[in-house]
>>> print(open('data_9.cif').read())   # mmCIF, C-alpha atoms
data_query
loop_
_atom_site.label_atom_id
_atom_site.label_comp_id
_atom_site.auth_asym_id
_atom_site.auth_seq_id
_atom_site.Cartn_x
_atom_site.Cartn_y
_atom_site.Cartn_z
CA MET A 30 -53.34 121.83 156.32
CA LYS A 31 -53.12 125.41 155.06
CA LYS A 32 -56.15 127.09 153.55
CA TYR A 33 -55.72 128.83 150.17
CA VAL A 34 -57.98 131.19 148.24
CA LEU A 35 -57.57 132.57 144.73
CA VAL A 36 -58.20 136.03 143.25
CA GLY A 37 -58.64 135.95 139.48
CA ALA A 38 -60.21 133.44 137.10
CA GLY A 39 -58.31 133.85 133.84
CA SER A 40 -56.24 131.22 132.07
CA ARG A 41 -53.16 131.61 134.29
CA ALA A 42 -55.28 131.43 137.43
CA LEU A 43 -57.05 128.31 136.17
CA TYR A 44 -54.16 126.29 134.77
CA MET A 45 -51.26 127.38 136.97
CA PHE A 46 -53.08 127.43 140.30
CA ALA A 47 -56.74 126.38 140.48
CA LYS A 48 -56.71 123.03 138.69
CA PRO A 49 -53.47 121.81 140.30
CA MET A 50 -54.68 122.86 143.76
CA ALA A 51 -57.97 121.04 143.24
CA THR A 52 -56.32 117.84 141.97
CA ASP A 53 -52.56 117.29 142.32
CA TRP A 54 -52.26 119.09 145.66
CA LYS A 55 -55.58 118.07 147.17
CA GLY A 56 -54.91 116.68 150.62
CA ILE A 57 -51.69 118.70 150.96
CA ILE A 58 -53.40 122.08 150.86
CA SER A 59 -57.05 123.09 151.05
CA PHE A 60 -58.39 125.23 148.18
CA GLU A 61 -61.39 126.98 149.75
CA GLY A 62 -62.49 129.94 147.65
CA VAL A 63 -62.25 132.00 144.48
CA TYR A 64 -63.12 135.60 143.70
CA ASP A 65 -63.11 137.41 140.37
CA SER A 66 -64.61 140.77 139.44
CA ASN A 67 -66.53 138.85 136.77
CA PRO A 68 -68.74 136.36 138.68
CA LEU A 69 -69.50 134.23 135.62
CA ARG A 70 -65.82 133.63 135.00
CA ALA A 71 -65.30 132.72 138.66
CA GLY A 72 -68.22 130.31 138.38
CA TYR A 73 -66.73 128.59 135.35
CA LEU A 74 -63.44 128.11 137.18
CA SER A 75 -65.27 126.73 140.20
CA GLU A 76 -67.10 124.18 138.04
CA GLU A 77 -63.82 122.94 136.56
CA CYS A 78 -62.35 122.56 140.03
CA GLY A 79 -65.09 120.54 141.67
CA GLY A 80 -67.30 123.33 142.99
CA ILE A 81 -64.90 125.55 144.90
CA PRO A 82 -66.94 128.25 146.72
CA VAL A 83 -67.31 131.50 144.74
CA TYR A 84 -67.49 134.80 146.59
CA ASP A 85 -69.07 138.07 145.48
CA HIS A 86 -66.50 140.25 147.23
CA PHE A 87 -62.85 139.79 148.13
CA HIS A 88 -63.24 140.96 151.72
CA GLU A 89 -66.18 138.57 152.10
CA MET A 90 -63.95 135.67 151.06
CA LEU A 91 -61.25 136.72 153.53
CA SER A 92 -63.77 136.95 156.34
CA ALA A 93 -65.55 133.67 155.59
CA VAL A 94 -62.51 131.48 154.89
CA GLN A 95 -59.83 133.16 157.02
CA PRO A 96 -57.21 131.73 154.68
CA ASP A 97 -53.55 131.20 155.46
CA VAL A 98 -52.52 132.13 151.92
CA VAL A 99 -54.09 134.33 149.22
CA ILE A 100 -53.03 133.77 145.61
CA VAL A 101 -53.35 136.92 143.49
CA ALA A 102 -53.71 136.28 139.74
CA SER A 103 -55.95 139.17 138.74
CA THR A 104 -55.26 142.03 136.33
CA ASP A 105 -51.91 143.65 137.09
CA TYR A 106 -53.18 147.04 138.23
CA THR A 107 -55.34 145.41 140.92
CA HIS A 108 -52.56 143.29 142.46
CA HIS A 109 -51.56 145.82 145.10
CA THR A 110 -55.14 146.25 146.32
CA TYR A 111 -55.61 142.54 147.00
CA ILE A 112 -52.06 142.02 148.29
CA VAL A 113 -52.29 144.85 150.80
CA GLU A 114 -55.76 143.84 152.03
CA ALA A 115 -54.68 140.21 152.38
CA LEU A 116 -51.54 141.13 154.33
CA ARG A 117 -53.53 143.34 156.69
CA ALA A 118 -55.95 140.46 157.23
CA GLY A 119 -53.06 138.31 158.45
CA CYS A 120 -52.51 136.25 155.30
CA ASP A 121 -49.37 135.37 153.39
CA VAL A 122 -49.62 136.20 149.69
CA ILE A 123 -48.50 134.52 146.47
CA SER A 124 -48.57 137.03 143.62
CA GLU A 125 -48.37 136.39 139.92
CA LYS A 126 -45.76 138.52 138.20
CA PRO A 127 -45.53 141.45 138.08
CA MET A 128 -46.09 142.08 141.77
CA THR A 129 -47.55 145.44 140.75
CA ILE A 130 -47.09 148.04 138.01
CA ASP A 131 -45.39 151.13 139.49
CA GLU A 132 -43.24 152.36 142.35
CA GLU A 133 -46.05 153.88 144.43
CA LYS A 134 -48.04 150.64 144.51
CA CYS A 135 -44.82 148.71 145.14
CA ARG A 136 -44.04 150.88 148.15
CA ASP A 137 -47.56 150.29 149.51
CA ILE A 138 -47.04 146.53 149.30
CA LEU A 139 -43.66 146.60 151.02
CA ARG A 140 -45.03 148.83 153.78
CA ALA A 141 -48.03 146.53 154.38
CA GLU A 142 -45.75 143.50 154.41
CA GLN A 143 -43.45 145.08 156.97
CA GLU A 144 -46.33 146.24 159.19
CA SER A 145 -48.19 142.92 159.04
CA GLY A 146 -45.24 140.61 159.53
CA LYS A 147 -46.62 138.39 156.76
CA LYS A 148 -44.86 137.36 153.55
CA VAL A 149 -45.26 138.04 149.82
CA THR A 150 -43.90 135.53 147.31
CA VAL A 151 -43.73 136.35 143.59
CA THR A 152 -44.09 133.54 141.03
CA PHE A 153 -41.13 133.82 138.67
CA ASN A 154 -41.49 130.44 136.98
CA LEU A 155 -38.56 130.98 134.60
CA ARG A 156 -36.21 130.68 137.57
CA PHE A 157 -37.45 127.11 137.92
CA ALA A 158 -37.26 126.23 134.21
CA PRO A 159 -34.34 123.76 133.82
CA TYR A 160 -32.65 125.71 131.00
CA PHE A 161 -32.47 128.99 132.93
CA ALA A 162 -31.59 127.18 136.16
CA ARG A 163 -28.66 125.36 134.53
CA VAL A 164 -27.22 128.68 133.39
CA LYS A 165 -27.45 129.92 137.00
CA GLU A 166 -25.62 126.82 138.20
CA LEU A 167 -22.83 127.35 135.69
CA LEU A 168 -22.47 130.99 136.70
CA MET A 169 -22.33 130.02 140.38
CA GLU A 170 -19.63 127.48 139.48
CA GLY A 171 -17.61 130.31 137.96
CA VAL A 172 -17.32 128.88 134.45
CA ILE A 173 -16.94 132.37 132.96
CA GLY A 174 -15.77 134.17 136.07
CA GLU A 175 -17.30 137.48 137.09
CA VAL A 176 -20.25 138.58 134.95
CA TYR A 177 -19.51 141.87 133.20
CA GLN A 178 -22.28 142.26 130.62
CA ILE A 179 -25.40 140.50 129.31
CA ASP A 180 -27.22 140.93 126.01
CA LEU A 181 -30.82 139.67 125.94
CA GLU A 182 -33.09 139.83 122.90
CA TRP A 183 -36.69 138.65 123.26
CA PHE A 184 -39.12 138.39 120.37
CA LEU A 185 -42.86 137.67 120.48
CA ASP A 186 -44.59 136.51 117.33
CA ARG A 187 -47.63 137.99 115.62
CA ARG A 188 -49.98 135.67 117.48
CA HIS A 189 -48.71 135.76 121.06
CA GLY A 190 -47.29 139.29 120.83
CA ALA A 191 -50.35 140.68 119.10
CA ASP A 192 -52.65 139.20 121.73
CA TYR A 193 -51.40 141.62 124.39
CA PHE A 194 -52.73 144.48 122.27
CA ARG A 195 -56.22 142.94 122.10
CA ARG A 196 -56.60 142.68 125.86
CA TRP A 197 -56.50 144.88 128.96
CA HIS A 198 -52.70 144.82 128.74
CA ALA A 199 -52.86 147.30 125.84
CA GLU A 200 -53.33 150.25 128.19
CA MET A 201 -50.45 151.44 130.34
CA LYS A 202 -52.73 152.14 133.30
CA ASN A 203 -53.72 148.47 133.41
CA SER A 204 -50.41 146.67 132.88
CA GLY A 205 -47.52 149.11 132.92
CA GLY A 206 -46.99 148.05 129.32
CA LEU A 207 -44.95 145.07 128.19
CA LEU A 208 -41.86 146.46 129.93
CA VAL A 209 -43.61 145.70 133.21
CA HIS A 210 -46.09 142.94 132.41
CA LYS A 211 -43.88 140.80 130.16
CA SER A 212 -40.32 142.01 130.66
CA THR A 213 -40.48 141.62 134.44
CA HIS A 214 -39.84 137.90 133.73
CA HIS A 215 -36.79 138.75 131.69
CA PHE A 216 -35.42 141.41 134.01
CA ASP A 217 -35.78 139.03 136.94
CA ILE A 218 -33.77 136.33 135.18
CA ILE A 219 -31.01 138.83 134.42
CA ASN A 220 -31.03 140.12 138.01
CA TRP A 221 -30.75 136.51 139.18
CA TRP A 222 -27.92 135.68 136.79
CA MET A 223 -26.12 138.95 137.57
CA ASN A 224 -26.42 138.45 141.34
CA SER A 225 -26.43 142.22 141.65
CA LYS A 226 -28.98 145.00 142.09
CA PRO A 227 -30.08 147.25 139.19
CA VAL A 228 -29.44 150.93 139.83
CA GLU A 229 -29.79 152.89 136.56
CA VAL A 230 -31.96 152.62 133.44
CA HIS A 231 -32.04 154.29 130.03
CA ALA A 232 -34.78 153.15 127.65
CA PHE A 233 -36.46 153.78 124.31
CA GLY A 234 -39.89 152.64 123.15
CA THR A 235 -42.31 153.17 120.32
CA ARG A 236 -45.24 151.61 118.44
CA ARG A 237 -44.49 150.46 114.91
CA VAL A 238 -47.18 147.86 114.16
CA TYR A 239 -50.13 148.06 116.59
CA GLY A 240 -52.34 150.89 117.77
CA ASP A 241 -51.97 153.31 114.88
CA ASP A 242 -55.72 154.06 114.77
CA ARG A 243 -56.33 152.92 111.20
CA GLN A 244 -59.37 154.72 109.88
CA ASP A 245 -61.03 151.60 108.51
CA HIS A 246 -61.36 149.15 111.37
CA GLY A 247 -63.99 147.86 113.76
CA ILE A 248 -64.10 147.72 117.54
CA ARG A 249 -63.47 143.98 117.73
CA CYS A 250 -62.67 141.04 115.48
CA LEU A 251 -66.03 139.31 116.02
CA THR A 252 -68.02 142.07 114.30
CA CYS A 253 -65.34 143.65 112.09
CA HIS A 254 -65.93 144.08 108.36
CA ARG A 255 -62.21 143.50 107.72
CA GLN A 256 -62.24 139.82 108.75
CA ASP A 257 -61.32 138.58 105.27
CA ASP A 258 -58.28 140.78 104.67
CA CYS A 259 -56.80 141.52 108.13
CA GLU A 260 -53.70 139.44 108.87
CA PHE A 261 -54.43 139.74 112.61
CA TYR A 262 -58.04 138.54 112.53
CA MET A 263 -58.83 136.20 115.43
CA ASP A 264 -62.02 134.15 115.59
CA ILE A 265 -62.87 134.20 119.28
CA GLU A 266 -65.45 131.46 118.79
CA GLN A 267 -62.80 128.95 117.69
CA ASP A 268 -61.03 128.88 121.04
CA PRO A 269 -63.17 126.96 123.57
CA PHE A 270 -61.58 128.56 126.63
CA ILE A 271 -61.79 132.14 125.35
CA GLN A 272 -65.29 131.60 124.01
CA LYS A 273 -66.53 130.30 127.38
CA TYR A 274 -64.59 132.36 129.89
CA TYR A 275 -64.70 135.65 127.99
CA GLN A 276 -67.30 135.82 125.22
CA GLN A 277 -70.01 134.21 127.35
CA ALA A 278 -69.08 136.48 130.27
CA GLU A 279 -69.11 139.78 128.33
CA GLY A 280 -72.53 140.74 129.65
CA GLU A 281 -71.15 141.02 133.20
CA ASP A 282 -68.44 143.62 132.57
CA GLY A 283 -68.45 144.56 128.88
CA TYR A 284 -64.89 143.29 128.42
CA PHE A 285 -64.08 142.19 124.85
CA ARG A 286 -61.26 139.65 124.56
CA ASP A 287 -60.81 140.39 120.83
CA ARG A 288 -60.50 144.18 120.73
CA CYS A 289 -59.01 145.63 117.55
CA LEU A 290 -55.22 145.82 117.49
CA PHE A 291 -55.36 149.25 115.86
CA ASP A 292 -57.61 151.02 118.35
CA ARG A 293 -56.55 154.42 119.64
CA ARG A 294 -56.86 153.24 123.25
CA ILE A 295 -53.54 151.38 122.83
CA ASP A 296 -50.75 153.35 124.48
CA ILE A 297 -48.15 150.67 125.27
CA TYR A 298 -45.04 150.04 123.15
CA ASP A 299 -44.46 147.18 120.73
CA THR A 300 -40.75 147.99 120.18
CA MET A 301 -38.50 148.48 123.21
CA SER A 302 -34.81 148.83 124.02
CA VAL A 303 -33.40 149.12 127.55
CA ASN A 304 -29.93 149.58 129.04
CA VAL A 305 -29.42 148.81 132.73
CA ARG A 306 -26.41 149.40 135.00
CA TYR A 307 -25.95 147.29 138.14
CA GLU A 308 -24.26 147.90 141.49
CA SER A 309 -21.44 145.61 140.33
CA GLU A 310 -20.94 147.95 137.30
CA ALA A 311 -22.13 145.10 135.04
CA THR A 312 -24.57 146.15 132.32
CA LEU A 313 -27.59 144.74 130.50
CA THR A 314 -28.58 145.47 126.92
CA TYR A 315 -32.17 144.32 126.37
CA SER A 316 -34.70 144.49 123.56
CA LEU A 317 -38.27 143.27 123.08
CA VAL A 318 -40.38 143.28 119.93
CA ALA A 319 -43.99 142.07 119.80
CA TYR A 320 -44.41 141.40 116.06
CA SER A 321 -41.67 138.94 115.10
CA PRO A 322 -42.26 136.31 112.39
CA TYR A 323 -41.35 133.70 115.00
CA GLU A 324 -41.01 133.53 118.77
CA GLY A 325 -38.07 133.03 121.05
CA TRP A 326 -35.07 134.64 122.70
CA ARG A 327 -31.30 134.70 122.69
CA ALA A 328 -28.77 135.82 125.28
CA ALA A 329 -25.01 136.23 125.60
CA ILE A 330 -23.35 136.47 129.03
CA ASN A 331 -19.86 137.95 128.97
CA GLY A 332 -17.56 137.43 131.92
CA SER A 333 -13.95 137.76 133.04
CA LYS A 334 -13.12 134.20 131.93
CA GLY A 335 -15.36 133.68 128.91
CA ARG A 336 -18.81 133.82 127.39
CA ILE A 337 -22.05 131.82 127.59
CA GLU A 338 -24.52 131.80 124.70
CA VAL A 339 -28.09 130.53 125.06
CA SER A 340 -31.12 130.73 122.81
CA ASN A 341 -34.45 129.13 122.03
CA THR A 342 -37.21 129.44 119.48
CA TYR A 343 -40.65 127.92 119.97
CA SER A 344 -44.14 127.96 118.55
CA ASN A 345 -46.29 128.45 121.65
CA ALA A 346 -46.59 130.81 124.60
CA ASP A 347 -45.92 127.86 126.94
CA MET A 348 -42.28 127.85 125.72
CA LYS A 349 -42.26 124.09 125.23
CA GLN A 350 -39.06 123.13 123.36
CA GLY A 351 -37.67 120.10 121.66
CA GLU A 352 -36.00 117.35 123.64
CA ALA A 353 -32.87 119.36 124.44
CA SER A 354 -31.51 122.89 124.31
CA GLN A 355 -27.86 123.86 124.28
CA ILE A 356 -25.72 126.10 126.44
CA ARG A 357 -22.53 127.09 124.63
CA ILE A 358 -19.52 128.01 126.77
CA TYR A 359 -16.51 129.79 125.26
CA ARG A 360 -13.43 130.25 127.45
CA THR A 361 -10.66 132.82 127.11
CA ASP A 362 -8.09 130.04 126.67
CA GLY A 363 -9.72 129.11 123.36
CA THR A 364 -11.58 126.01 124.58
CA SER A 365 -15.35 125.59 124.34
CA GLU A 366 -18.04 123.28 125.62
CA ILE A 367 -21.68 122.46 124.87
CA VAL A 368 -24.03 121.61 127.75
CA GLU A 369 -27.40 120.08 126.84
CA VAL A 370 -30.51 120.57 128.97
CA ASN A 371 -33.81 118.73 128.56
CA THR A 372 -36.47 121.35 127.80
CA SER A 373 -39.27 119.12 126.55
CA ALA A 374 -41.57 119.39 129.57
CA GLU A 375 -44.77 121.39 129.39
CA GLY A 376 -45.35 124.42 131.58
CA HIS A 377 -42.43 126.66 130.63
CA GLY A 378 -39.97 123.82 130.19
CA GLY A 379 -41.04 122.22 133.45
CA GLY A 380 -40.70 125.42 135.47
CA ASP A 381 -44.39 125.65 136.46
CA ALA A 382 -44.45 122.25 138.17
CA LYS A 383 -41.22 122.91 140.07
CA LEU A 384 -42.54 126.31 141.17
CA ARG A 385 -45.78 124.81 142.48
CA GLN A 386 -43.78 122.28 144.48
CA ALA A 387 -41.82 125.09 146.11
CA LEU A 388 -45.02 127.04 146.82
CA PHE A 389 -47.19 124.27 148.20
CA GLU A 390 -44.88 121.65 149.64
CA GLY A 391 -42.76 123.83 151.88
CA GLY A 392 -39.28 123.04 153.17
CA VAL A 393 -37.92 122.56 149.65
CA ALA A 394 -34.16 123.13 149.44
CA ASP A 395 -33.31 126.26 147.44
CA PRO A 396 -29.56 126.29 146.70
CA LEU A 397 -29.99 128.46 143.60
CA GLY A 398 -32.18 131.08 145.25
CA GLN A 399 -35.11 130.36 142.91
CA GLN A 400 -37.86 131.42 145.29
CA ALA A 401 -38.58 135.13 144.96
CA ASP A 402 -39.74 137.44 147.75
CA SER A 403 -41.27 140.90 147.53
CA HIS A 404 -37.90 142.65 147.22
CA VAL A 405 -36.96 140.45 144.27
CA GLY A 406 -40.36 141.19 142.76
CA ALA A 407 -39.79 144.91 143.29
CA GLU A 408 -36.40 144.96 141.56
CA SER A 409 -37.69 143.49 138.31
CA LEU A 410 -40.89 145.55 138.05
CA LEU A 411 -39.00 148.74 138.90
CA ILE A 412 -36.69 148.26 135.93
CA GLY A 413 -39.77 148.22 133.69
CA ALA A 414 -41.53 151.07 135.47
CA THR A 415 -38.40 153.20 135.43
CA ALA A 416 -37.87 152.33 131.76
CA ASN A 417 -41.35 153.69 131.03
CA ARG A 418 -40.44 156.93 132.77
CA SER A 419 -37.11 157.06 130.95
CA ILE A 420 -38.91 156.78 127.61
CA ALA A 421 -41.39 159.48 128.57
CA GLU A 422 -38.74 161.86 129.91
CA GLY A 423 -36.02 161.09 127.37
CA ARG A 424 -33.22 160.56 129.88
CA ALA A 425 -31.44 157.99 132.02
CA LEU A 426 -32.93 157.49 135.49
CA ARG A 427 -31.93 155.82 138.71
CA LEU A 428 -34.28 153.22 140.16
CA PRO A 429 -36.34 154.72 142.98
CA ASP A 430 -35.95 153.72 146.59
CA VAL A 431 -39.21 152.00 147.53
CA SER A 432 -38.29 151.19 151.11
CA PRO A 433 -41.28 151.67 153.44
CA GLY A 434 -41.35 155.23 154.70
CA VAL A 435 -39.36 156.67 151.81
CA GLY A 436 -41.29 159.21 149.76
CA VAL A 437 -41.62 159.21 145.98
CA GLN A 438 -38.37 160.31 144.38
CA ARG A 439 -37.89 161.72 140.90
CA GLU A 440 -34.26 162.06 139.93
CA SER A 441 -32.01 161.71 136.92
CA ALA A 442 -29.11 159.30 136.70
CA SER A 443 -26.41 161.96 136.58
CA ARG A 444 -23.46 160.76 138.63
#
>>> encode(input="data_9.cif", output="structure tokens")
Amino acid sequence: MKKYVLVGAGSRALYMFAKPMATDWKGIISFEGVYDSNPLRAGYLSEECGGIPVYDHFHEMLSAVQPDVVIVASTDYTHHTYIVEALRAGCDVISEKPMTIDEEKCRDILRAEQESGKKVTVTFNLRFAPYFARVKELLMEGVIGEVYQIDLEWFLDRRHGADYFRRWHAEMKNSGGLLVHKSTHHFDIINWWMNSKPVEVHAFGTRRVYGDDRQDHGIRCLTCHRQDDCEFYMDIEQDPFIQKYYQQAEGEDGYFRDRCLFDRRIDIYDTMSVNVRYESEATLTYSLVAYSPYEGWRAAINGSKGRIEVSNTYSNADMKQGEASQIRIYRTDGTSEIVEVNTSAEGHGGGDAKLRQALFEGGVADPLGQQADSHVGAESLLIGATANRSIAEGRALRLPDVSPGVGVQRESASR
């Protein structure tokens, strides 16, 4: 039975990994330790999981447990530190997306993986969600021939989208911005559907709603004098999880979960547009806004023999849908078809449960290529990281080569 430990004690760490490991997968794997930079938060997670040992330091946990697998679900900018140390200690690693936030840290991970002979797996749960997986199946069946171009529009509402600007994600140094933290999901799906490698990026980004440093605002919602007239006011004490795991733990690290959305510290974008060219000469047109009146996404996949259209709107960050969602296929001969997919399951349409099975059970058949390794993780995060550089430099850029041993490259996309 393999021994697992967990780094991170936030909501994703608790609900995606810790609770299932302590209950559903007990007896298949052994969950033997948790570490978080905030010891109170780690303690709360331990209590909910039957008293899993809590460690004061990551290296102490590695030494005491000698785990087979380390799960990294900490803040994005710390991923590479834990991944590299775990690899060098002889452990395989499961990393939450994004694998890391920039090319230098990505290169460090790939080098450590190569030198250690161990393996990094990245948890792209949308690959396992039935709706996205059915599109992949149809593309592999050739229903629209060779993929030439994809349009993807993603929109976060003023609850889910706004929440990124309250938290640590709001600073580029912590998350790489939404183009890395959030869009890495979306870029990975497109890479998977395209079945080609991204090579060139041109991007634009700005802030239109959040982070404008309004003169009349407080530091956080809890103590703000604008509670009665701010459309973005959030009462941290009304959410039991946030109140316990964050408000009660503030004394340990001074981290406020309800920071003001208009603070000057915010330097990530809330409005983004990205164009990507692939090795196959196919292209992606992508946009993300974080202040939509409602939440969802829509995509069109154009190929040599037709077009696929998919879309969904939903009212929660879990992406739970109605009973069925439609895939519309339009062929060049004038015929069309509607394929229905059940998307009613919790956990990203059922993707979370299928992903855990692939992670913990082992030997699961993977005809669609849903399981993602470090190179897959690198391709998606590098689109976002390169997009950030493209915005800053005002030009198209080629994705960097992050192969171990290759130095940092800075070059334009002139061909």
>>> closest_residue(input="data_9.cif", among="A:His377, A:Arg249, A:Arg236, A:His215", to="A:Ala328", atoms="all atoms listed in the file")
A:His215
>>> resolve_selection(input="data_9.cif", expression="the PyMOL selection byres ((chain A and resi 165) around 10)", output="mmCIF file with C-alpha atoms, keeping the file's coordinate frame")
data_model
loop_
_atom_site.group_PDB
_atom_site.id
_atom_site.type_symbol
_atom_site.label_atom_id
_atom_site.label_comp_id
_atom_site.auth_asym_id
_atom_site.auth_seq_id
_atom_site.Cartn_x
_atom_site.Cartn_y
_atom_site.Cartn_z
ATOM 1 C CA ARG A 156 -36.210 130.680 137.570
ATOM 2 C CA PRO A 159 -34.340 123.760 133.820
ATOM 3 C CA TYR A 160 -32.650 125.710 131.000
ATOM 4 C CA PHE A 161 -32.470 128.990 132.930
ATOM 5 C CA ALA A 162 -31.590 127.180 136.160
ATOM 6 C CA ARG A 163 -28.660 125.360 134.530
ATOM 7 C CA VAL A 164 -27.220 128.680 133.390
ATOM 8 C CA GLU A 166 -25.620 126.820 138.200
ATOM 9 C CA LEU A 167 -22.830 127.350 135.690
ATOM 10 C CA LEU A 168 -22.470 130.990 136.700
ATOM 11 C CA MET A 169 -22.330 130.020 140.380
ATOM 12 C CA GLU A 170 -19.630 127.480 139.480
ATOM 13 C CA GLY A 171 -17.610 130.310 137.960
ATOM 14 C CA ILE A 218 -33.770 136.330 135.180
ATOM 15 C CA ILE A 219 -31.010 138.830 134.420
ATOM 16 C CA TRP A 221 -30.750 136.510 139.180
ATOM 17 C CA TRP A 222 -27.920 135.680 136.790
ATOM 18 C CA MET A 223 -26.120 138.950 137.570
ATOM 19 C CA ASN A 224 -26.420 138.450 141.340
ATOM 20 C CA LEU A 397 -29.990 128.460 143.600
ATOM 21 C CA GLY A 398 -32.180 131.080 145.250
ATOM 22 C CA GLN A 399 -35.110 130.360 142.910
#
>>> closest_atom_pairs(input="data_9.cif", of="stretch 105-140 of chain A", to="stretch 147-151 of chain A", cutoff="7 Å", atoms="all atoms listed in the file", output="JSON lines")
{"residue": "A:Leu116", "atom": "CA", "partner": "A:Lys147", "partner_atom": "CA", "distance": 6.1}
{"residue": "A:Gly119", "atom": "CA", "partner": "A:Lys147", "partner_atom": "CA", "distance": 6.7}
{"residue": "A:Cys120", "atom": "CA", "partner": "A:Lys147", "partner_atom": "CA", "distance": 6.4}
{"residue": "A:Asp121", "atom": "CA", "partner": "A:Lys148", "partner_atom": "CA", "distance": 4.9}
{"residue": "A:Val122", "atom": "CA", "partner": "A:Val149", "partner_atom": "CA", "distance": 4.7}
{"residue": "A:Ile123", "atom": "CA", "partner": "A:Thr150", "partner_atom": "CA", "distance": 4.8}
{"residue": "A:Ser124", "atom": "CA", "partner": "A:Val151", "partner_atom": "CA", "distance": 4.9}
{"residue": "A:Glu125", "atom": "CA", "partner": "A:Val151", "partner_atom": "CA", "distance": 5.9}
{"residue": "A:Lys126", "atom": "CA", "partner": "A:Val151", "partner_atom": "CA", "distance": 6.2}
{"residue": "A:Met128", "atom": "CA", "partner": "A:Val151", "partner_atom": "CA", "distance": 6.5}
>>> resolve_selection(input="data_9.cif", expression="the PyMOL selection byres ((chain A and resi 131) around 12)", output="PyMOL selection string")
chain A and resi 105-109+127-130+132-138+201-206+208-210+213+406-418+428-429+431+437
>>> closest_residue(input="data_9.cif", among="A:Ala191, A:Ile330, A:Ala425, A:Cys78", to="A:Met50", atoms="only C-alpha atoms")
A:Cys78
